[in-house]
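Dropping input_20.json in here (JSON, C-alpha atoms):
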```
[["chain", "number", "residue", "atom", "x", "y", "z"],
["A", 1, "MET", "CA", -10.67, -15.28, 13.26],
["A", 2, "LEU", "CA", -10.91, -11.51, 13.84],
["A", 3, "ARG", "CA", -7.14, -11.40, 14.39],
["A", 4, "LYS", "CA", -6.49, -13.16, 11.07],
["A", 5, "VAL", "CA", -8.85, -10.82, 9.23],
["A", 6, "SER", "CA", -7.18, -7.77, 10.78],
["A", 7, "CYS", "CA", -3.73, -9.07, 9.77],
["A", 8, "PHE", "CA", -4.94, -9.72, 6.23],
["A", 9, "LEU", "CA", -6.50, -6.25, 5.93],
["A", 10, "ALA", "CA", -3.39, -4.58, 7.35],
["A", 11, "VAL", "CA", -1.21, -6.24, 4.71],
["A", 12, "VAL", "CA", -3.63, -5.62, 1.84],
["A", 13, "MET", "CA", -4.30, -1.97, 2.69],
["A", 14, "THR", "CA", -0.59, -1.29, 3.23],
["A", 15, "ALA", "CA", 0.20, -2.92, -0.13],
["A", 16, "LEU", "CA", -2.48, -0.85, -1.84],
["A", 17, "SER", "CA", -1.09, 2.32, -0.29],
["A", 18, "LEU", "CA", 2.28, 1.47, -1.88],
["A", 19, "LEU", "CA", 0.88, 1.44, -5.42],
["A", 20, "PRO", "CA", 0.70, 5.22, -6.07],
["A", 21, "GLY", "CA", 4.15, 5.80, -4.60],
["A", 22, "GLY", "CA", 5.56, 2.94, -6.64],
["A", 23, "ALA", "CA", 4.13, 4.50, -9.80],
["A", 24, "HIS", "CA", 5.79, 7.81, -8.91],
["A", 25, "VAL", "CA", 9.14, 6.09, -8.32],
["A", 26, "MET", "CA", 8.93, 4.30, -11.66],
["A", 27, "SER", "CA", 8.21, 7.55, -13.53],
["A", 28, "LEU", "CA", 10.74, 9.70, -11.66],
["A", 29, "PRO", "CA", 13.77, 9.02, -13.90],
["A", 30, "ALA", "CA", 11.81, 10.01, -17.01],
["A", 31, "LYS", "CA", 10.19, 13.07, -15.45],
["A", 32, "ILE", "CA", 12.83, 14.67, -13.23],
["A", 33, "ALA", "CA", 14.72, 16.39, -16.07],
["A", 34, "MET", "CA", 11.75, 17.18, -18.35],
["A", 35, "PRO", "CA", 11.44, 20.69, -19.67],
["A", 36, "GLU", "CA", 8.62, 22.86, -18.36],
["A", 37, "ASP", "CA", 5.93, 22.32, -21.00],
["A", 38, "PRO", "CA", 6.03, 18.52, -21.21],
["A", 39, "TYR", "CA", 6.34, 18.22, -17.43],
["A", 40, "PHE", "CA", 3.22, 20.27, -16.80],
["A", 41, "VAL", "CA", 1.33, 18.23, -19.40],
["A", 42, "VAL", "CA", 2.45, 14.92, -17.87],
["A", 43, "GLN", "CA", 1.47, 16.08, -14.38],
["A", 44, "GLN", "CA", -2.16, 16.17, -15.46],
["A", 45, "ILE", "CA", -2.30, 12.36, -15.38],
["A", 46, "TYR", "CA", -2.49, 12.63, -11.59],
["A", 47, "ARG", "CA", -5.90, 14.30, -11.54],
["A", 48, "GLY", "CA", -8.13, 12.35, -9.20],
["A", 49, "TRP", "CA", -5.25, 10.67, -7.39],
["A", 50, "ALA", "CA", -6.28, 12.43, -4.18],
["A", 51, "LEU", "CA", -8.62, 9.47, -3.71],
["A", 52, "ALA", "CA", -5.53, 7.39, -2.97],
["A", 53, "GLY", "CA", -5.48, 9.23, 0.35],
["A", 54, "ALA", "CA", -8.47, 7.13, 1.43],
["A", 55, "VAL", "CA", -6.36, 3.98, 1.04],
["A", 56, "ILE", "CA", -3.66, 5.50, 3.23],
["A", 57, "ILE", "CA", -6.20, 6.24, 5.97],
["A", 58, "LEU", "CA", -7.58, 2.69, 5.66],
["A", 59, "ALA", "CA", -4.03, 1.30, 5.93],
["A", 60, "ILE", "CA", -3.46, 3.29, 9.12],
["A", 61, "LEU", "CA", -6.75, 2.05, 10.57],
["A", 62, "ALA", "CA", -6.10, -1.57, 9.54],
["A", 63, "ASN", "CA", -2.61, -1.63, 11.05],
["A", 64, "PHE", "CA", -3.93, 0.00, 14.22],
["A", 65, "ALA", "CA", -6.68, -2.62, 14.55],
["A", 66, "ALA", "CA", -4.19, -5.42, 13.92],
["A", 67, "ALA", "CA", -1.86, -3.96, 16.56],
["A", 68, "ILE", "CA", -4.66, -3.93, 19.11],
["A", 69, "LEU", "CA", -5.45, -7.59, 18.46],
["A", 70, "ALA", "CA", -1.81, -8.74, 18.38],
["A", 71, "GLN", "CA", 0.70, -9.31, 21.16],
["A", 72, "GLY", "CA", 4.48, -9.14, 21.49],
["A", 73, "THR", "CA", 6.57, -8.76, 18.35],
["A", 74, "PRO", "CA", 3.61, -8.73, 15.95],
["A", 75, "ARG", "CA", 2.07, -5.83, 17.88],
["A", 76, "ARG", "CA", 5.32, -3.86, 17.72],
["A", 77, "LEU", "CA", 5.61, -4.51, 13.98],
["A", 78, "PHE", "CA", 2.01, -3.42, 13.32],
["A", 79, "VAL", "CA", 2.61, -0.28, 15.38],
["A", 80, "ALA", "CA", 5.79, 0.38, 13.36],
["A", 81, "ALA", "CA", 3.86, -0.06, 10.10],
["A", 82, "ASP", "CA", 1.17, 2.27, 11.40],
["A", 83, "MET", "CA", 3.67, 4.95, 12.40],
["A", 84, "LEU", "CA", 5.53, 4.69, 9.10],
["A", 85, "ILE", "CA", 2.34, 5.15, 7.10],
["A", 86, "ALA", "CA", 1.42, 8.13, 9.29],
["A", 87, "LEU", "CA", 4.92, 9.52, 8.58],
["A", 88, "THR", "CA", 4.13, 9.45, 4.85],
["A", 89, "LEU", "CA", 1.21, 11.80, 5.51],
["A", 90, "ALA", "CA", 3.51, 14.17, 7.37],
["A", 91, "ILE", "CA", 5.94, 14.14, 4.44],
["A", 92, "PHE", "CA", 3.09, 14.66, 1.98],
["A", 93, "PHE", "CA", 1.74, 17.69, 3.84],
["A", 94, "THR", "CA", 5.23, 19.13, 4.40],
["A", 95, "TRP", "CA", 6.62, 18.84, 0.84],
["A", 96, "THR", "CA", 4.17, 17.42, -1.71],
["A", 97, "TYR", "CA", 1.02, 19.35, -0.90],
["A", 98, "PRO", "CA", 2.78, 22.77, -0.80],
["A", 99, "ALA", "CA", 4.19, 22.07, -4.28],
["A", 100, "ASN", "CA", 0.68, 21.21, -5.49],
["A", 101, "GLN", "CA", -0.67, 24.42, -3.98],
["A", 102, "ALA", "CA", 2.11, 26.62, -5.37],
["A", 103, "THR", "CA", 1.48, 25.32, -8.89],
["A", 104, "GLY", "CA", -2.31, 25.10, -8.75],
["A", 105, "ASN", "CA", -1.96, 21.31, -9.03],
["A", 106, "TRP", "CA", 0.51, 21.79, -11.84],
["A", 107, "THR", "CA", -1.67, 24.11, -13.92],
["A", 108, "SER", "CA", 0.30, 27.33, -13.36],
["A", 109, "VAL", "CA", 4.05, 27.83, -13.64],
["A", 110, "PRO", "CA", 5.68, 29.72, -10.77],
["A", 111, "GLU", "CA", 9.22, 30.99, -11.09],
["A", 112, "ASN", "CA", 10.61, 28.24, -8.85],
["A", 113, "TRP", "CA", 8.79, 25.40, -10.60],
["A", 114, "GLU", "CA", 11.98, 23.32, -11.01],
["A", 115, "GLN", "CA", 12.62, 23.39, -7.26],
["A", 116, "LEU", "CA", 8.97, 22.48, -6.68],
["A", 117, "ARG", "CA", 9.25, 19.63, -9.18],
["A", 118, "THR", "CA", 12.27, 18.22, -7.32],
["A", 119, "GLN", "CA", 10.47, 18.60, -4.00],
["A", 120, "TRP", "CA", 7.34, 16.91, -5.36],
["A", 121, "GLU", "CA", 9.08, 14.02, -7.13],
["A", 122, "TYR", "CA", 11.47, 13.14, -4.31],
["A", 123, "SER", "CA", 8.85, 13.45, -1.57],
["A", 124, "HIS", "CA", 6.84, 10.80, -3.42],
["A", 125, "ALA", "CA", 9.93, 8.60, -3.79],
["A", 126, "VAL", "CA", 10.73, 8.85, -0.09],
["A", 127, "ASN", "CA", 7.12, 8.03, 0.76],
["A", 128, "ALA", "CA", 7.24, 4.96, -1.47],
["A", 129, "ALA", "CA", 10.36, 3.72, 0.33],
["A", 130, "ILE", "CA", 8.77, 4.33, 3.74],
["A", 131, "THR", "CA", 5.56, 2.60, 2.67],
["A", 132, "PHE", "CA", 7.57, -0.37, 1.43],
["A", 133, "VAL", "CA", 9.20, -0.69, 4.87],
["A", 134, "ALA", "CA", 5.72, -0.42, 6.42],
["A", 135, "LEU", "CA", 4.58, -3.27, 4.17],
["A", 136, "LEU", "CA", 7.53, -5.39, 5.29],
["A", 137, "CYS", "CA", 6.56, -4.69, 8.92],
["A", 138, "ALA", "CA", 2.91, -5.62, 8.31],
["A", 139, "VAL", "CA", 3.83, -8.83, 6.48],
["A", 140, "GLY", "CA", 6.38, -9.74, 9.15],
["A", 141, "ALA", "CA", 3.81, -9.07, 11.87],
["A", 142, "SER", "CA", 1.20, -11.18, 10.11],
["A", 143, "LEU", "CA", 3.56, -14.10, 9.60],
["A", 144, "SER", "CA", 4.84, -13.86, 13.14],
["A", 145, "ALA", "CA", 1.34, -13.56, 14.60],
["A", 146, "GLY", "CA", 0.18, -16.61, 12.67],
["A", 147, "SER", "CA", 3.03, -18.86, 13.79],
["A", 148, "ARG", "CA", 2.75, -17.75, 17.43],
["A", 149, "GLN", "CA", -1.00, -18.40, 17.46],
["A", 150, "GLU", "CA", -0.58, -21.82, 15.86],
["A", 151, "ALA", "CA", 2.02, -22.74, 18.49],
["A", 152, "ARG", "CA", -0.37, -21.68, 21.28],
["A", 153, "ASP", "CA", -3.27, -23.57, 19.71],
["A", 154, "GLY", "CA", -1.18, -26.69, 19.24],
["A", 155, "THR", "CA", -1.90, -26.70, 15.50],
["A", 156, "GLU", "CA", 1.77, -26.36, 14.63],
["A", 157, "THR", "CA", 4.20, -29.00, 15.85],
["A", 158, "ALA", "CA", 7.62, -27.82, 16.91],
["A", 159, "PRO", "CA", 10.48, -28.88, 14.58],
["A", 160, "SER", "CA", 12.13, -31.02, 17.28],
["A", 161, "ALA", "CA", 8.83, -32.84, 17.93],
["A", 162, "ARG", "CA", 8.43, -33.55, 14.22],
["A", 163, "ALA", "CA", 11.95, -34.97, 14.04],
["A", 164, "HIS", "CA", 11.23, -37.17, 17.06],
["A", 165, "GLU", "CA", 7.98, -38.40, 15.46],
["A", 166, "ARG", "CA", 9.87, -39.38, 12.26],
["A", 167, "ARG", "CA", 12.46, -41.36, 14.24],
["A", 168, "ALA", "CA", 9.73, -43.17, 16.19],
["A", 169, "VAL", "CA", 8.04, -44.40, 13.00]]
```
Step by step, read the file and then write its structure as structure tokens.
Amino acid sequence: MLRKVSCFLAVVMTALSLLPGGAHVMSLPAKIAMPEDPYFVVQQIYRGWALAGAVIILAILANFAAAILAQGTPRRLFVAADMLIALTLAIFFTWTYPANQATGNWTSVPENWEQLRTQWEYSHAVNAAITFVALLCAVGASLSAGSRQEARDGTETAPSARAHERRAV
């Protein structure tokens, strides 16, 4: 039961960590070429989004716990999801956070604001893509872990055994 709960939480927390990045990707085409004034106004909608960082930490913890409880391929996939989510933090602190700092969270306009905008927007897009791959890993691990456990428990009948049972009836 604990294994199933950890798989479920890994998938849910990873999916939730994809939401902010997905929102950034959806808005990127409209925002990337905006002039200075409207761009700085629009950026204010992200106030308070730092709380999304808690979801990222929870996703890392959930995938780590699921990896500990899993074996074989599911473990490797949960570890991959975990490492990918951790990579998004590295990208955030390398490109996104410095842009936030240089602009006072988009309240002051430095001379290189357009370069910072590009850095900020595309770092979020890359993180969304990485988080999506992490979600695929977590879902794949969960599905794989479930089918392997059912086979060990005898709760899932092998396809060849089912075909044999149908012929016997």
Find the spatial neighbours of range 48-50 of chain A, counting only C-alpha atoms, within a cut-off of 12 Å - ignore same-chain residues fewer than 6 positions away - and output them as a list in words. Ser17, Leu19, Pro20, Gly21, Ala23, His24, Ile56, Ile57, Phe92, Thr96, Tyr97, Asn100 and Asn105 of chain A
With C-alpha atoms retained, write the just-selected residues as a PDB file, in the frame of the given file.
```pdb
ATOM      1  CA  SER A  17      -1.090   2.320  -0.290  1.00  0.00           C
ATOM      2  CA  LEU A  19       0.880   1.440  -5.420  1.00  0.00           C
ATOM      3  CA  PRO A  20       0.700   5.220  -6.070  1.00  0.00           C
ATOM      4  CA  GLY A  21       4.150   5.800  -4.600  1.00  0.00           C
ATOM      5  CA  ALA A  23       4.130   4.500  -9.800  1.00  0.00           C
ATOM      6  CA  HIS A  24       5.790   7.810  -8.910  1.00  0.00           C
ATOM      7  CA  ILE A  56      -3.660   5.500   3.230  1.00  0.00           C
ATOM      8  CA  ILE A  57      -6.200   6.240   5.970  1.00  0.00           C
ATOM      9  CA  PHE A  92       3.090  14.660   1.980  1.00  0.00           C
ATOM     10  CA  THR A  96       4.170  17.420  -1.710  1.00  0.00           C
ATOM     11  CA  TYR A  97       1.020  19.350  -0.900  1.00  0.00           C
ATOM     12  CA  ASN A 100       0.680  21.210  -5.490  1.00  0.00           C
ATOM     13  CA  ASN A 105      -1.960  21.310  -9.030  1.00  0.00           C
TER      14      ASN A 105
END
```
Counting all atoms listed in the file, the residue of A:Asp37, A:Ile60, A:Ser123, A:Leu77 that sits nearest Leu136 in chain A: A:Leu77
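Remark: for Ile68 in chain A, the closest of the candidate residues A:Ser108, A:Glu121, A:Asp82, A:Gly140 is A:Asp82 (distances computed over all atoms listed in the file).
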List the spatial neighbours of range 130-134 of chain A as a short mmCIF file (atom, residue, chain, number, x, y, z; two decimals) with C-alpha atoms, in the coordinates of the input - criterion: any atom at most 9 Å away, only C-alpha atoms, same-chain residues fewer than 3 positions off excluded.
```
data_model
loop_
_atom_site.label_atom_id
_atom_site.label_comp_id
_atom_site.auth_asym_id
_atom_site.auth_seq_id
_atom_site.Cartn_x
_atom_site.Cartn_y
_atom_site.Cartn_z
CA THR A 14 -0.59 -1.29 3.23
CA ALA A 15 0.20 -2.92 -0.13
CA SER A 17 -1.09 2.32 -0.29
CA LEU A 18 2.28 1.47 -1.88
CA GLY A 21 4.15 5.80 -4.60
CA GLY A 22 5.56 2.94 -6.64
CA LEU A 77 5.61 -4.51 13.98
CA PHE A 78 2.01 -3.42 13.32
CA ALA A 80 5.79 0.38 13.36
CA ALA A 81 3.86 -0.06 10.10
CA ASP A 82 1.17 2.27 11.40
CA MET A 83 3.67 4.95 12.40
CA LEU A 84 5.53 4.69 9.10
CA ILE A 85 2.34 5.15 7.10
CA LEU A 87 4.92 9.52 8.58
CA THR A 88 4.13 9.45 4.85
CA ALA A 125 9.93 8.60 -3.79
CA VAL A 126 10.73 8.85 -0.09
CA ASN A 127 7.12 8.03 0.76
CA CYS A 137 6.56 -4.69 8.92
CA ALA A 138 2.91 -5.62 8.31
CA VAL A 139 3.83 -8.83 6.48
#
```
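The closest residue to Ala145 in chain A, picked from A:Arg76, A:Arg47, A:Arg117, A:His124 and counting only C-alpha atoms, is A:Arg76.
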Edge lengths and centre in Å to one decimal, as lines of an AutoDock Vina configuration file, is what I'm after for the box along x, y and z that holds all listed atoms of range 35-39 of chain A once 6 Å is added on each side.
```
center_x = 8.7
center_y = 20.5
center_z = -19.3
size_x = 17.5
size_y = 16.6
size_z = 15.8
```
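Nearest to Ser6 in chain A of all the residues A:Val42, A:Leu135, A:Ala141, A:Ala52 is A:Ala141, based on all atoms listed in the file.
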Please compute the CA of Val12 in chain A-CA of Met26 in chain A distance, one decimal, in Å. 20.9 Å
Can you list, as a list in words, every protein, DNA or RNA residue that comes within 9 Å of Phe40 in chain A when you count all atoms listed in the file, leaving out same-chain residues fewer than 2 positions away? Pro35, Glu36, Asp37, Pro38, Val42, Gln43, Gln44, Trp106, Thr107, Ser108 and Val109 of chain A
Residues from last step as file, C-alpha atoms, as an mmCIF file, keeping the file's coordinate frame:
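New file result20.cif:
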```cif
data_model
loop_
_atom_site.group_PDB
_atom_site.id
_atom_site.type_symbol
_atom_site.label_atom_id
_atom_site.label_comp_id
_atom_site.auth_asym_id
_atom_site.auth_seq_id
_atom_site.Cartn_x
_atom_site.Cartn_y
_atom_site.Cartn_z
ATOM 1 C CA PRO A 35 11.440 20.690 -19.670
ATOM 2 C CA GLU A 36 8.620 22.860 -18.360
ATOM 3 C CA ASP A 37 5.930 22.320 -21.000
ATOM 4 C CA PRO A 38 6.030 18.520 -21.210
ATOM 5 C CA VAL A 42 2.450 14.920 -17.870
ATOM 6 C CA GLN A 43 1.470 16.080 -14.380
ATOM 7 C CA GLN A 44 -2.160 16.170 -15.460
ATOM 8 C CA TRP A 106 0.510 21.790 -11.840
ATOM 9 C CA THR A 107 -1.670 24.110 -13.920
ATOM 10 C CA SER A 108 0.300 27.330 -13.360
ATOM 11 C CA VAL A 109 4.050 27.830 -13.640
#
```
Measure the distance from CA of Glu114 in chain A to CA of Ile32 in chain A in Å and round it to one decimal. 9.0 Å
So how far away is CA of Phe64 in chain A from CA of Leu89 in chain A, in Å? 15.5 Å
